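Source file: structure04.txt (compact mmCIF, C-alpha atoms and all ligand atoms)
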```txt
# COMPACT_ATOMS: atom_id res chain seq x y z
CA MET A 187 62.98 -25.38 -3.46
CA SER A 188 63.88 -23.02 -6.30
CA VAL A 189 67.57 -22.30 -6.47
CA ARG A 190 67.43 -19.81 -9.29
CA ASP A 191 69.14 -16.52 -8.41
CA ASP A 192 67.86 -13.69 -10.52
CA PHE A 193 70.15 -10.91 -9.34
CA THR A 194 72.17 -10.86 -12.54
CA ASP A 195 72.67 -12.90 -15.66
CA CYS A 196 74.47 -15.40 -13.40
CA ALA A 197 71.07 -17.00 -12.82
CA THR A 198 71.22 -20.78 -12.96
CA ASP A 199 69.04 -23.53 -11.55
CA VAL A 200 71.65 -26.30 -11.47
CA ARG A 201 71.20 -28.64 -8.48
CA LEU A 202 74.07 -30.31 -6.67
CA ASP A 203 72.49 -33.29 -4.93
CA GLY A 204 75.16 -35.90 -4.24
CA LYS A 205 78.00 -33.43 -4.88
CA VAL A 206 80.56 -32.19 -2.35
CA ALA A 207 81.71 -28.57 -2.29
CA LEU A 208 84.45 -26.95 -0.22
CA VAL A 209 84.29 -23.20 0.44
CA THR A 210 87.23 -21.55 2.20
CA GLY A 211 86.72 -18.39 4.24
CA ALA A 212 83.04 -19.12 4.68
CA THR A 213 82.55 -17.72 8.20
CA SER A 214 81.52 -14.30 6.91
CA GLY A 215 81.10 -12.11 3.87
CA THR A 216 81.08 -13.58 0.38
CA GLY A 217 82.20 -17.05 1.44
CA LEU A 218 79.27 -17.46 3.80
CA GLU A 219 76.85 -16.50 1.02
CA ILE A 220 78.55 -18.87 -1.44
CA ALA A 221 78.20 -21.71 1.08
CA LYS A 222 74.48 -20.92 1.64
CA ASN A 223 73.89 -20.87 -2.10
CA LEU A 224 75.62 -24.24 -2.66
CA ALA A 225 73.76 -25.76 0.31
CA ARG A 226 70.41 -24.60 -1.16
CA ARG A 227 71.31 -26.56 -4.27
CA GLY A 228 71.60 -29.77 -2.24
CA ALA A 229 75.39 -30.16 -2.05
CA ARG A 230 77.25 -31.42 0.97
CA VAL A 231 79.13 -28.26 1.92
CA ILE A 232 82.41 -28.18 3.82
CA ILE A 233 83.33 -24.77 5.20
CA ALA A 234 86.87 -23.97 6.30
CA SER A 235 88.33 -21.03 8.23
CA ARG A 236 90.60 -20.55 11.21
CA ASN A 237 88.20 -19.66 14.02
CA PRO A 238 86.17 -22.55 15.57
CA ALA A 239 83.51 -20.33 17.17
CA ARG A 240 82.90 -18.41 13.94
CA LEU A 241 82.83 -21.69 12.02
CA ALA A 242 80.16 -23.11 14.34
CA ASP A 243 78.02 -19.98 13.97
CA ALA A 244 78.42 -20.03 10.18
CA ARG A 245 77.45 -23.71 10.01
CA ASN A 246 74.22 -23.01 11.94
CA THR A 247 73.44 -20.02 9.73
CA ILE A 248 73.93 -22.08 6.55
CA ILE A 249 71.76 -24.93 7.84
CA GLN A 250 68.99 -22.54 8.94
CA SER A 251 68.95 -20.57 5.71
CA SER A 252 69.16 -23.56 3.34
CA GLY A 253 67.35 -26.30 5.24
CA ASN A 254 70.29 -28.54 4.30
CA GLN A 255 71.81 -30.29 7.34
CA ASN A 256 74.72 -31.67 5.34
CA VAL A 257 77.20 -28.95 6.29
CA GLU A 258 80.59 -29.70 7.80
CA ALA A 259 82.77 -27.07 9.53
CA ARG A 260 86.48 -27.81 9.55
CA GLN A 261 89.26 -25.65 10.94
CA MET A 262 92.16 -24.56 8.74
CA ASP A 263 94.53 -21.65 9.32
CA PHE A 264 96.15 -20.23 6.19
CA GLU A 265 98.93 -18.73 8.29
CA SER A 266 100.24 -22.27 8.71
CA LEU A 267 101.06 -24.58 5.79
CA SER A 268 100.99 -27.58 8.14
CA SER A 269 97.39 -26.67 9.07
CA ILE A 270 96.54 -26.78 5.33
CA ARG A 271 98.27 -30.14 4.94
CA SER A 272 96.43 -31.65 7.88
CA PHE A 273 93.11 -30.23 6.60
CA VAL A 274 93.74 -31.94 3.25
CA ASP A 275 94.61 -35.26 4.92
CA THR A 276 91.37 -35.19 6.93
CA THR A 277 89.27 -34.16 3.95
CA VAL A 278 90.69 -36.72 1.54
CA SER A 279 90.40 -39.54 4.07
CA SER A 280 86.88 -38.69 5.26
CA GLU A 281 85.02 -37.42 2.18
CA PRO A 282 83.71 -39.61 -0.62
CA ARG A 283 84.52 -37.07 -3.32
CA LEU A 284 85.18 -33.38 -4.03
CA ASP A 285 83.37 -31.70 -6.92
CA ILE A 286 83.85 -28.00 -6.20
CA LEU A 287 86.60 -26.01 -4.50
CA ILE A 288 86.00 -22.29 -3.97
CA ASN A 289 89.21 -20.54 -2.87
CA ASN A 290 87.72 -17.51 -1.17
CA ILE A 291 89.95 -16.89 1.88
CA GLY A 292 91.42 -13.39 1.82
CA ALA A 293 92.48 -10.69 4.27
CA ILE A 294 93.99 -7.23 4.32
CA GLY A 295 95.58 -5.18 7.09
CA LEU A 296 97.49 -8.09 8.65
CA GLU A 297 100.68 -7.38 10.56
CA ASP A 298 103.77 -6.88 8.36
CA LYS A 299 105.56 -10.14 9.29
CA LEU A 300 106.67 -13.55 8.10
CA THR A 301 104.78 -16.71 9.00
CA GLN A 302 106.45 -19.74 10.56
CA ASP A 303 106.76 -20.97 6.95
CA ASN A 304 108.99 -17.99 6.12
CA LEU A 305 106.48 -16.44 3.73
CA HIS A 306 104.96 -12.99 4.11
CA VAL A 307 101.70 -13.38 5.99
CA MET A 308 99.75 -11.30 3.43
CA MET A 309 101.10 -13.43 0.57
CA GLN A 310 100.42 -16.68 2.40
CA VAL A 311 96.84 -15.83 3.42
CA ASN A 312 95.93 -14.32 0.04
CA TYR A 313 97.81 -16.60 -2.33
CA PHE A 314 100.20 -19.33 -1.16
CA GLY A 315 97.59 -20.94 1.09
CA SER A 316 95.11 -21.37 -1.77
CA PHE A 317 97.91 -22.47 -4.10
CA LEU A 318 98.98 -25.26 -1.72
CA LEU A 319 95.42 -26.29 -0.90
CA THR A 320 94.53 -26.58 -4.58
CA TYR A 321 97.76 -28.38 -5.43
CA LEU A 322 97.21 -30.98 -2.71
CA LEU A 323 93.52 -31.46 -3.49
CA PHE A 324 94.01 -31.77 -7.25
CA PRO A 325 94.32 -35.60 -7.31
CA PHE A 326 91.08 -35.84 -5.28
CA LEU A 327 89.30 -33.36 -7.58
CA ARG A 328 90.52 -35.31 -10.57
CA ALA A 329 89.22 -38.56 -9.13
CA SER A 330 85.80 -36.82 -8.82
CA ALA A 331 85.90 -35.21 -12.30
CA PRO A 332 84.26 -33.35 -13.87
CA SER A 333 85.10 -30.95 -11.07
CA ARG A 334 85.86 -27.25 -10.76
CA VAL A 335 88.04 -24.81 -8.85
CA VAL A 336 87.14 -21.11 -8.53
CA ASN A 337 89.77 -18.64 -7.30
CA VAL A 338 88.33 -15.42 -5.88
CA SER A 339 90.68 -12.61 -6.90
CA SER A 340 90.24 -8.83 -6.99
CA LEU A 341 90.45 -5.90 -9.36
CA GLY A 342 93.44 -4.90 -7.18
CA LEU A 343 95.52 -7.31 -9.25
CA ILE A 344 95.96 -4.65 -11.90
CA LEU A 345 98.12 -2.74 -9.39
CA GLY A 346 100.06 -5.87 -8.47
CA SER A 347 103.50 -6.96 -9.57
CA ILE A 348 105.50 -10.16 -9.36
CA ASP A 349 108.94 -9.57 -7.88
CA PHE A 350 110.31 -12.96 -6.88
CA GLU A 351 113.16 -11.36 -4.91
CA ASN A 352 110.96 -9.23 -2.71
CA TRP A 353 107.41 -10.58 -2.69
CA ASN A 354 107.93 -12.30 0.68
CA LYS A 355 110.13 -9.69 2.33
CA VAL A 356 108.87 -7.67 5.28
CA GLY A 357 108.60 -3.90 4.78
CA GLN A 358 108.60 -3.97 0.98
CA TYR A 359 104.98 -3.00 0.33
CA SER A 360 101.93 -1.60 2.06
CA SER A 361 99.34 -4.18 3.12
CA PHE A 362 97.36 -3.21 0.00
CA GLY A 363 100.52 -3.70 -2.10
CA TYR A 364 101.06 -7.27 -0.86
CA TYR A 365 97.35 -7.90 -1.38
CA CYS A 366 97.47 -6.76 -5.02
CA ASN A 367 100.60 -8.86 -5.66
CA ALA A 368 98.91 -11.91 -4.14
CA LYS A 369 95.73 -11.47 -6.18
CA LEU A 370 97.81 -11.11 -9.35
CA ALA A 371 99.73 -14.29 -8.51
CA SER A 372 96.43 -16.08 -7.98
CA VAL A 373 95.23 -15.21 -11.50
CA LEU A 374 98.59 -16.05 -13.12
CA SER A 375 98.66 -19.43 -11.36
CA THR A 376 95.09 -20.09 -12.58
CA VAL A 377 96.28 -19.57 -16.16
CA GLU A 378 99.25 -21.88 -15.61
CA MET A 379 97.27 -24.54 -13.77
CA GLU A 380 94.91 -24.87 -16.72
CA LYS A 381 97.87 -25.70 -18.98
CA ARG A 382 99.21 -28.27 -16.56
CA ILE A 383 95.91 -30.10 -15.92
CA ARG A 384 94.35 -29.86 -19.39
CA GLY A 385 92.43 -33.03 -20.17
CA SER A 386 92.14 -34.05 -16.52
CA GLY A 387 88.43 -33.20 -16.21
CA VAL A 388 89.20 -30.51 -13.62
CA SER A 389 88.48 -26.91 -14.66
CA VAL A 390 89.91 -23.85 -12.96
CA TYR A 391 88.63 -20.27 -13.13
CA SER A 392 89.47 -16.95 -11.50
CA MET A 393 87.04 -14.14 -10.80
CA ASP A 394 86.87 -10.53 -9.69
CA PRO A 395 83.92 -10.18 -7.31
CA GLY A 396 83.83 -6.37 -7.42
CA LEU A 397 83.15 -4.49 -4.20
CA GLY A 398 80.98 -6.39 -1.72
CA LYS A 399 79.28 -5.27 1.50
CA SER A 400 81.61 -7.19 3.83
CA GLU A 401 83.79 -6.06 6.74
CA PHE A 402 86.91 -6.89 4.82
CA PHE A 403 89.01 -4.17 6.50
CA ARG A 404 88.40 -5.50 10.03
CA ASN A 405 92.02 -6.69 10.47
CA TYR A 406 93.56 -3.21 10.36
CA ASP A 407 94.88 -2.04 13.75
CA ASN A 408 94.12 1.51 12.70
CA GLN A 409 90.52 2.15 13.79
CA LEU A 410 90.08 5.00 11.32
CA ILE A 411 91.02 2.82 8.32
CA GLN A 412 88.71 0.06 9.57
CA THR A 413 85.76 2.37 10.05
CA VAL A 414 86.11 4.44 6.89
CA PHE A 415 86.84 1.58 4.48
CA ASN A 416 84.24 -0.79 5.91
CA ALA A 417 81.69 2.05 5.74
CA ALA A 418 82.66 2.59 2.08
CA LEU A 419 82.10 -1.11 1.36
CA LYS A 420 78.70 -0.93 3.09
CA LYS A 421 77.74 2.08 1.01
CA PHE A 422 79.16 1.22 -2.40
CA GLY A 423 79.53 -2.57 -2.25
CA ARG A 424 77.13 -5.00 -3.85
CA PRO A 425 74.83 -7.19 -1.76
CA LEU A 426 76.85 -10.31 -0.82
CA PRO A 427 74.25 -12.87 -2.01
CA ARG A 428 74.59 -11.26 -5.42
CA VAL A 429 78.42 -11.38 -5.32
CA ALA A 430 78.19 -15.04 -4.32
CA THR A 431 76.14 -15.93 -7.39
CA MET A 432 79.17 -15.21 -9.59
CA ALA A 433 81.37 -17.78 -7.85
CA VAL A 434 78.53 -20.31 -7.80
CA PHE A 435 77.75 -19.71 -11.47
CA LEU A 436 81.37 -20.47 -12.43
CA ALA A 437 81.35 -23.54 -10.20
CA VAL A 438 78.16 -25.11 -11.54
CA ASP A 439 76.92 -23.79 -14.88
CA PRO A 440 77.45 -25.97 -17.98
CA LYS A 441 78.13 -22.77 -19.96
CA PHE A 442 81.70 -22.70 -18.61
CA GLU A 443 82.78 -26.10 -19.83
CA GLY A 444 85.71 -25.41 -22.14
CA GLU A 445 86.40 -22.02 -20.50
CA SER A 446 88.98 -23.27 -18.01
CA GLY A 447 91.89 -20.95 -17.23
CA LYS A 448 89.90 -17.75 -17.87
CA HIS A 449 89.11 -14.78 -15.64
CA PHE A 450 85.54 -13.53 -15.05
CA ARG A 451 83.63 -10.59 -13.66
CA ASP A 452 79.87 -10.12 -13.59
CA CYS A 453 79.37 -13.58 -15.04
CA HIS A 454 81.33 -12.82 -18.21
CA GLU A 455 84.92 -13.25 -19.26
CA PHE A 456 86.83 -10.19 -18.14
CA TYR A 457 90.18 -8.62 -18.82
CA SER A 458 92.57 -9.95 -16.19
CA THR A 459 95.99 -8.53 -16.95
CA TRP A 460 98.23 -8.52 -19.97
CA LEU A 461 100.71 -10.45 -17.77
CA SER A 462 98.50 -13.54 -18.22
CA ASN A 463 99.90 -13.80 -21.75
CA ASP A 464 103.47 -13.97 -20.47
CA THR A 465 104.02 -17.73 -20.59
CA VAL A 466 107.44 -17.51 -18.95
CA LEU A 467 106.04 -15.49 -16.04
CA THR A 468 103.05 -17.80 -15.45
CA ARG A 469 105.38 -20.81 -15.57
CA ASP A 470 107.77 -19.19 -13.09
CA VAL A 471 104.97 -18.14 -10.72
CA TRP A 472 103.84 -21.76 -10.65
CA ASP A 473 107.29 -23.29 -10.21
CA VAL A 474 108.47 -20.78 -7.60
CA SER A 475 105.19 -21.19 -5.67
CA LYS A 476 105.65 -24.96 -5.61
CA ARG A 477 109.13 -24.51 -4.21
CA LEU A 478 108.10 -21.95 -1.59
CA VAL A 479 105.22 -24.03 -0.22
CA ARG A 480 107.61 -27.01 -0.27
CA VAL A 481 105.63 -29.47 -2.37
CA SER A 482 107.27 -32.77 -1.49
CA PRO A 483 108.10 -35.50 -4.04
CA GLU A 484 105.15 -37.57 -2.68
CA GLU A 485 102.78 -34.59 -3.08
CA ASP A 486 104.07 -33.70 -6.54
CA TRP A 487 101.51 -35.08 -8.99
CA GLU A 488 103.28 -33.35 -11.89
CA PHE A 489 106.48 -35.19 -11.10
CA ASN A 490 104.56 -38.39 -10.46
CA ARG A 491 102.85 -38.03 -13.85
CA TYR A 492 99.25 -38.31 -12.70
N1 LIG A 501 84.68 -7.28 -0.05
C1 LIG A 501 85.19 -6.79 -1.17
O1 LIG A 501 84.85 -5.66 -1.59
C2 LIG A 501 86.17 -7.60 -1.98
C3 LIG A 501 86.63 -7.04 -3.17
C4 LIG A 501 87.51 -7.79 -3.96
C5 LIG A 501 87.87 -9.07 -3.54
N2 LIG A 501 87.40 -9.57 -2.37
C6 LIG A 501 87.82 -10.93 -2.02
O2 LIG A 501 86.69 -11.70 -1.64
C7 LIG A 501 87.08 -12.73 -0.72
C8 LIG A 501 86.14 -12.73 0.46
O3 LIG A 501 86.29 -11.53 1.18
P1 LIG A 501 85.11 -10.87 2.04
O4 LIG A 501 84.96 -9.50 1.55
O5 LIG A 501 83.95 -11.77 2.08
O6 LIG A 501 85.84 -10.76 3.48
P2 LIG A 501 85.61 -11.43 4.89
O7 LIG A 501 84.17 -11.34 5.30
O8 LIG A 501 86.63 -10.80 5.77
O9 LIG A 501 85.93 -12.96 4.67
C9 LIG A 501 87.24 -13.46 4.71
C10 LIG A 501 87.21 -14.92 5.13
O10 LIG A 501 88.57 -15.40 5.11
C11 LIG A 501 88.82 -16.06 6.32
N3 LIG A 501 90.22 -15.94 6.71
C12 LIG A 501 90.96 -14.80 6.84
N4 LIG A 501 92.19 -15.09 7.23
C13 LIG A 501 92.26 -16.45 7.35
C14 LIG A 501 93.27 -17.37 7.73
N5 LIG A 501 94.50 -16.97 8.09
N6 LIG A 501 92.99 -18.69 7.75
C15 LIG A 501 91.76 -19.11 7.43
N7 LIG A 501 90.75 -18.30 7.08
C16 LIG A 501 91.00 -16.98 7.04
C17 LIG A 501 87.93 -15.39 7.36
O11 LIG A 501 87.71 -16.32 8.40
P3 LIG A 501 87.86 -16.03 9.97
O12 LIG A 501 88.25 -14.60 10.14
O13 LIG A 501 86.53 -16.37 10.54
O14 LIG A 501 88.89 -16.99 10.41
C18 LIG A 501 86.67 -15.13 6.54
O15 LIG A 501 85.86 -16.28 6.54
C19 LIG A 501 88.54 -12.45 -0.37
O16 LIG A 501 89.38 -13.30 -1.12
C20 LIG A 501 88.74 -11.00 -0.82
O17 LIG A 501 90.08 -10.75 -1.15
C21 LIG A 501 86.56 -8.88 -1.59
```

Take the structure from the file and write it as structure tokens.
Amino acid sequence: MSVRDDFTDCATDVRLDGKVALVTGATSGTGLEIAKNLARRGARVIIASRNPARLADARNTIIQSSGNQNVEARQMDFESLSSIRSFVDTTVSSEPRLDILINNIGAIGLEDKLTQDNLHVMMQVNYFGSFLLTYLLFPFLRASAPSRVVNVSSLGLILGSIDFENWNKVGQYSSFGYYCNAKLASVLSTVEMEKRIRGSGVSVYSMDPGLGKSEFFRNYDNQLIQTVFNAALKKFGRPLPRVATMAVFLAVDPKFEGESGKHFRDCHEFYSTWLSNDTVLTRDVWDVSKRLVRVSPEEDWEFNRY
């Protein structure tokens, strides 16, 4: 089966037979299309989200559209750090390897509240969850190297700010404000991660998918916001299979060897934010994130000098 996607100059015919890929937030939208694309290339694909019924439906859809039966659905709720830790334990103990991690989970319009982990729910779902997942999976990715991590960010990051005092406080920002802060933190931690893992054989990239035809605003209580913004995405967004090709391209194409730590849009390097050049800020984002998600001494591969 041809796996070449000719939507954009992201076209690549790389196959992934024998490889294992994990796509988070793959029950709908972009993540579902990324998982289908990777499955068409022959990878074993693990999909992870919080809702078992939606996971089961997504798994069937991926199998039907790709003809690849090797698809595993595994529950993980980003509102709970212990759910992420138990997901990692299961994955590391049951999978032979991990070649690709696509951090795609994201949400907007969630209730303005703290999680049981004392982090703002918007920050945890859009940033801290992926940070912890990636941190915990890094030794496994390294053991499978060359391997790649792709962090799905957003153009919204240019409106974001990093305010360590307030980024987890309730009532400080609108939902969109927390979202932009989280997407900025995701890109800054990508820059910092590259420095910390250089030479490991694991590459890490961030990307701006642009607008996509998903129902991303479905979590808003306000029906008007839901309807108007989802209609705008349907009208102005790009087809999701096309958006997915960008993440897949970064995850598989040989062209990106040596490009680790960079930010991409439309299959090319893209301006992220001048804050990426602030080495003190990227270092602090990384160190504060580690503290807030409570990386333990046993989990701390930096401390343990991998
Ligand atoms: N659509 C756009 O225009 C756009 C623009 C810029 C960036 N993005 C980014 O693209 C990514 C994909 O978004 P999308 O547009 O495809 O939206 P989507 O269809 O709403 O997909 C979001 C995915 O995240 C999962 N998710 C949400 N909260 C979760 C939680 N607490 N725990 C586990 N999984 C959770 C959802 O799973 P369940 O609800 O099934 O659990 C779903 O699979 C996000 O990171 C988003 O920020 C999208």

Once you count all atoms listed in the file, which residues end up within 8 Å of ligand LIG 501 (chain A), and could you hand them over as a PDB file with C-alpha atoms, in the frame of the given file?
```pdb
ATOM      1  CA  THR A 210      87.230 -21.550   2.200  1.00  0.00           C
ATOM      2  CA  GLY A 211      86.720 -18.390   4.240  1.00  0.00           C
ATOM      3  CA  ALA A 212      83.040 -19.120   4.680  1.00  0.00           C
ATOM      4  CA  THR A 213      82.550 -17.720   8.200  1.00  0.00           C
ATOM      5  CA  SER A 214      81.520 -14.300   6.910  1.00  0.00           C
ATOM      6  CA  GLY A 215      81.100 -12.110   3.870  1.00  0.00           C
ATOM      7  CA  THR A 216      81.080 -13.580   0.380  1.00  0.00           C
ATOM      8  CA  GLY A 217      82.200 -17.050   1.440  1.00  0.00           C
ATOM      9  CA  LEU A 218      79.270 -17.460   3.800  1.00  0.00           C
ATOM     10  CA  ALA A 234      86.870 -23.970   6.300  1.00  0.00           C
ATOM     11  CA  SER A 235      88.330 -21.030   8.230  1.00  0.00           C
ATOM     12  CA  ARG A 236      90.600 -20.550  11.210  1.00  0.00           C
ATOM     13  CA  ASN A 237      88.200 -19.660  14.020  1.00  0.00           C
ATOM     14  CA  PRO A 238      86.170 -22.550  15.570  1.00  0.00           C
ATOM     15  CA  ARG A 240      82.900 -18.410  13.940  1.00  0.00           C
ATOM     16  CA  LEU A 241      82.830 -21.690  12.020  1.00  0.00           C
ATOM     17  CA  GLN A 261      89.260 -25.650  10.940  1.00  0.00           C
ATOM     18  CA  MET A 262      92.160 -24.560   8.740  1.00  0.00           C
ATOM     19  CA  ASP A 263      94.530 -21.650   9.320  1.00  0.00           C
ATOM     20  CA  PHE A 264      96.150 -20.230   6.190  1.00  0.00           C
ATOM     21  CA  GLU A 265      98.930 -18.730   8.290  1.00  0.00           C
ATOM     22  CA  SER A 266     100.240 -22.270   8.710  1.00  0.00           C
ATOM     23  CA  ASN A 289      89.210 -20.540  -2.870  1.00  0.00           C
ATOM     24  CA  ASN A 290      87.720 -17.510  -1.170  1.00  0.00           C
ATOM     25  CA  ILE A 291      89.950 -16.890   1.880  1.00  0.00           C
ATOM     26  CA  GLY A 292      91.420 -13.390   1.820  1.00  0.00           C
ATOM     27  CA  ALA A 293      92.480 -10.690   4.270  1.00  0.00           C
ATOM     28  CA  ILE A 294      93.990  -7.230   4.320  1.00  0.00           C
ATOM     29  CA  VAL A 311      96.840 -15.830   3.420  1.00  0.00           C
ATOM     30  CA  ASN A 312      95.930 -14.320   0.040  1.00  0.00           C
ATOM     31  CA  VAL A 338      88.330 -15.420  -5.880  1.00  0.00           C
ATOM     32  CA  SER A 339      90.680 -12.610  -6.900  1.00  0.00           C
ATOM     33  CA  SER A 340      90.240  -8.830  -6.990  1.00  0.00           C
ATOM     34  CA  LEU A 341      90.450  -5.900  -9.360  1.00  0.00           C
ATOM     35  CA  GLY A 342      93.440  -4.900  -7.180  1.00  0.00           C
ATOM     36  CA  TYR A 365      97.350  -7.900  -1.380  1.00  0.00           C
ATOM     37  CA  LYS A 369      95.730 -11.470  -6.180  1.00  0.00           C
ATOM     38  CA  ASP A 394      86.870 -10.530  -9.690  1.00  0.00           C
ATOM     39  CA  PRO A 395      83.920 -10.180  -7.310  1.00  0.00           C
ATOM     40  CA  GLY A 396      83.830  -6.370  -7.420  1.00  0.00           C
ATOM     41  CA  LEU A 397      83.150  -4.490  -4.200  1.00  0.00           C
ATOM     42  CA  GLY A 398      80.980  -6.390  -1.720  1.00  0.00           C
ATOM     43  CA  LYS A 399      79.280  -5.270   1.500  1.00  0.00           C
ATOM     44  CA  SER A 400      81.610  -7.190   3.830  1.00  0.00           C
ATOM     45  CA  GLU A 401      83.790  -6.060   6.740  1.00  0.00           C
ATOM     46  CA  PHE A 402      86.910  -6.890   4.820  1.00  0.00           C
ATOM     47  CA  PHE A 403      89.010  -4.170   6.500  1.00  0.00           C
ATOM     48  CA  ARG A 404      88.400  -5.500  10.030  1.00  0.00           C
ATOM     49  CA  LEU A 419      82.100  -1.110   1.360  1.00  0.00           C
ATOM     50  CA  GLY A 423      79.530  -2.570  -2.250  1.00  0.00           C
ATOM     51  CA  LEU A 426      76.850 -10.310  -0.820  1.00  0.00           C
TER      52      LEU A 426
END
```

In Å, with one decimal, what is the gap from CA of Tyr364 in chain A to CA of Asn405 in chain A? 14.5 Å

Using CA of Leu374 in chain A and CA of Thr468 in chain A as the two end points, give the distance in Å to one decimal.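 Answer for the CA of Leu374 in chain A to CA of Thr468 in chain A separation: 5.3 Å.
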
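CA of Cys366 in chain A to CA of Cys196 in chain A spans 26.0 Å [interatomic distance, one decimal].
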
Minimum-distance residue to Met432 in chain A, chosen among A:Phe450, A:Leu345, A:Ser375, A:Ala417 (using only C-alpha atoms): A:Phe450

Nearest residue to Glu484 in chain A from the set A:Ala244, A:Leu305, A:Leu322, A:Ala197 (distances using only C-alpha atoms):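 With only C-alpha atoms as the atom set, the closest residue is A:Leu322.
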
Env of Pro282 in chain A: 12 Å cut, atoms = all atoms listed in the file, seq-sep filter 4 positions within chain, self excluded. Answer as number ranges by chain. A: 204-207, 230, 276-278, 326-327, 329-330

Per residue of range 352-434 of chain A within 8 Å of range 334-337 of chain A, which atom pair is closest and at what distance in Å (one decimal), using only C-alpha atoms, listed by chain and increasing number, as a tab-separated table?
```
residue	atom	partner	partner_atom	distance
A:Ser372	CA	A:Asn337	CA	7.2
A:Val373	CA	A:Asn337	CA	7.7
A:Thr376	CA	A:Asn337	CA	7.6
A:Val388	CA	A:Arg334	CA	5.5
A:Ser389	CA	A:Arg334	CA	4.7
A:Val390	CA	A:Val335	CA	4.6
A:Tyr391	CA	A:Val336	CA	4.9
A:Ser392	CA	A:Asn337	CA	4.5
A:Met393	CA	A:Asn337	CA	6.3
A:Ala433	CA	A:Val336	CA	6.7
```

Counting all atoms listed in the file, figure out which residue out of A:Arg428, A:Arg245, A:Arg283, A:Lys421 gets nearest to Leu323 in chain A.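 Closest residue, counting all atoms listed in the file: A:Arg283.
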
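Shortest atom-to-atom contact with Gly346 in chain A among A:Asn256, A:Thr459, A:Thr198, A:Thr413: A:Thr459, counting all atoms listed in the file.
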
Hey, could you pull the box centre and edge lengths for range 235-248 of chain A, axis-aligned, 6 Å padding per side, all listed atoms, to one decimal in Å, as AutoDock Vina command-line options?
```
--center_x 82.0 --center_y -21.1 --center_z 11.9 --size_x 29.2 --size_y 17.3 --size_z 22.6
```

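Using all atoms listed in the file for every distance, the candidate list A:Ala368, A:Ala430, A:Leu296, A:Ile233 yields A:Ala368 as the residue closest to Phe314 in chain A.
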
Using all atoms listed in the file: which of A:Lys381, A:Ile344, A:Ala437, A:Phe489 has the shortest distance to Val209 in chain A: A:Ala437

Non-local contacts of His306 in chain A (9 Å; all atoms listed in the file; under 5 positions in same chain excluded) as a PDB file with C-alpha atoms, in the coordinates of the input:
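Done, and the output landed in part.pdb:
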```pdb
ATOM      1  CA  ASP A 298     103.770  -6.880   8.360  1.00  0.00           C
ATOM      2  CA  LYS A 299     105.560 -10.140   9.290  1.00  0.00           C
ATOM      3  CA  LEU A 300     106.670 -13.550   8.100  1.00  0.00           C
ATOM      4  CA  THR A 301     104.780 -16.710   9.000  1.00  0.00           C
ATOM      5  CA  VAL A 311      96.840 -15.830   3.420  1.00  0.00           C
ATOM      6  CA  TRP A 353     107.410 -10.580  -2.690  1.00  0.00           C
ATOM      7  CA  ASN A 354     107.930 -12.300   0.680  1.00  0.00           C
ATOM      8  CA  LYS A 355     110.130  -9.690   2.330  1.00  0.00           C
ATOM      9  CA  VAL A 356     108.870  -7.670   5.280  1.00  0.00           C
ATOM     10  CA  TYR A 364     101.060  -7.270  -0.860  1.00  0.00           C
TER      11      TYR A 364
END
```

Starting from the incomplete input, reconstruct N, CA and C atoms of range 342-351 of chain A and write that as a compact mmCIF listing (two decimals), keeping the file's coordinate frame.
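Everything below was put into result-v4.txt:
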```
# COMPACT_ATOMS: atom_id res chain seq x y z
N GLY A 342 92.14 -5.39 -7.66
CA GLY A 342 93.44 -4.90 -7.18
C GLY A 342 94.61 -5.51 -7.91
N LEU A 343 94.40 -6.65 -8.56
CA LEU A 343 95.52 -7.31 -9.25
C LEU A 343 96.15 -6.42 -10.30
N ILE A 344 95.37 -5.48 -10.83
CA ILE A 344 95.96 -4.65 -11.90
C ILE A 344 97.04 -3.73 -11.34
N LEU A 345 97.05 -3.53 -10.01
CA LEU A 345 98.12 -2.74 -9.39
C LEU A 345 99.23 -3.63 -8.85
N GLY A 346 99.09 -4.94 -9.02
CA GLY A 346 100.06 -5.87 -8.47
C GLY A 346 101.27 -6.05 -9.37
N SER A 347 102.32 -6.60 -8.79
CA SER A 347 103.50 -6.96 -9.57
C SER A 347 104.07 -8.25 -9.00
N ILE A 348 104.88 -8.92 -9.82
CA ILE A 348 105.50 -10.16 -9.36
C ILE A 348 107.00 -9.90 -9.30
N ASP A 349 107.51 -9.81 -8.09
CA ASP A 349 108.94 -9.57 -7.88
C ASP A 349 109.43 -10.70 -6.98
N PHE A 350 109.97 -11.74 -7.63
CA PHE A 350 110.31 -12.96 -6.88
C PHE A 350 111.31 -12.70 -5.76
N GLU A 351 112.15 -11.66 -5.94
CA GLU A 351 113.16 -11.36 -4.91
C GLU A 351 112.53 -10.81 -3.64
```
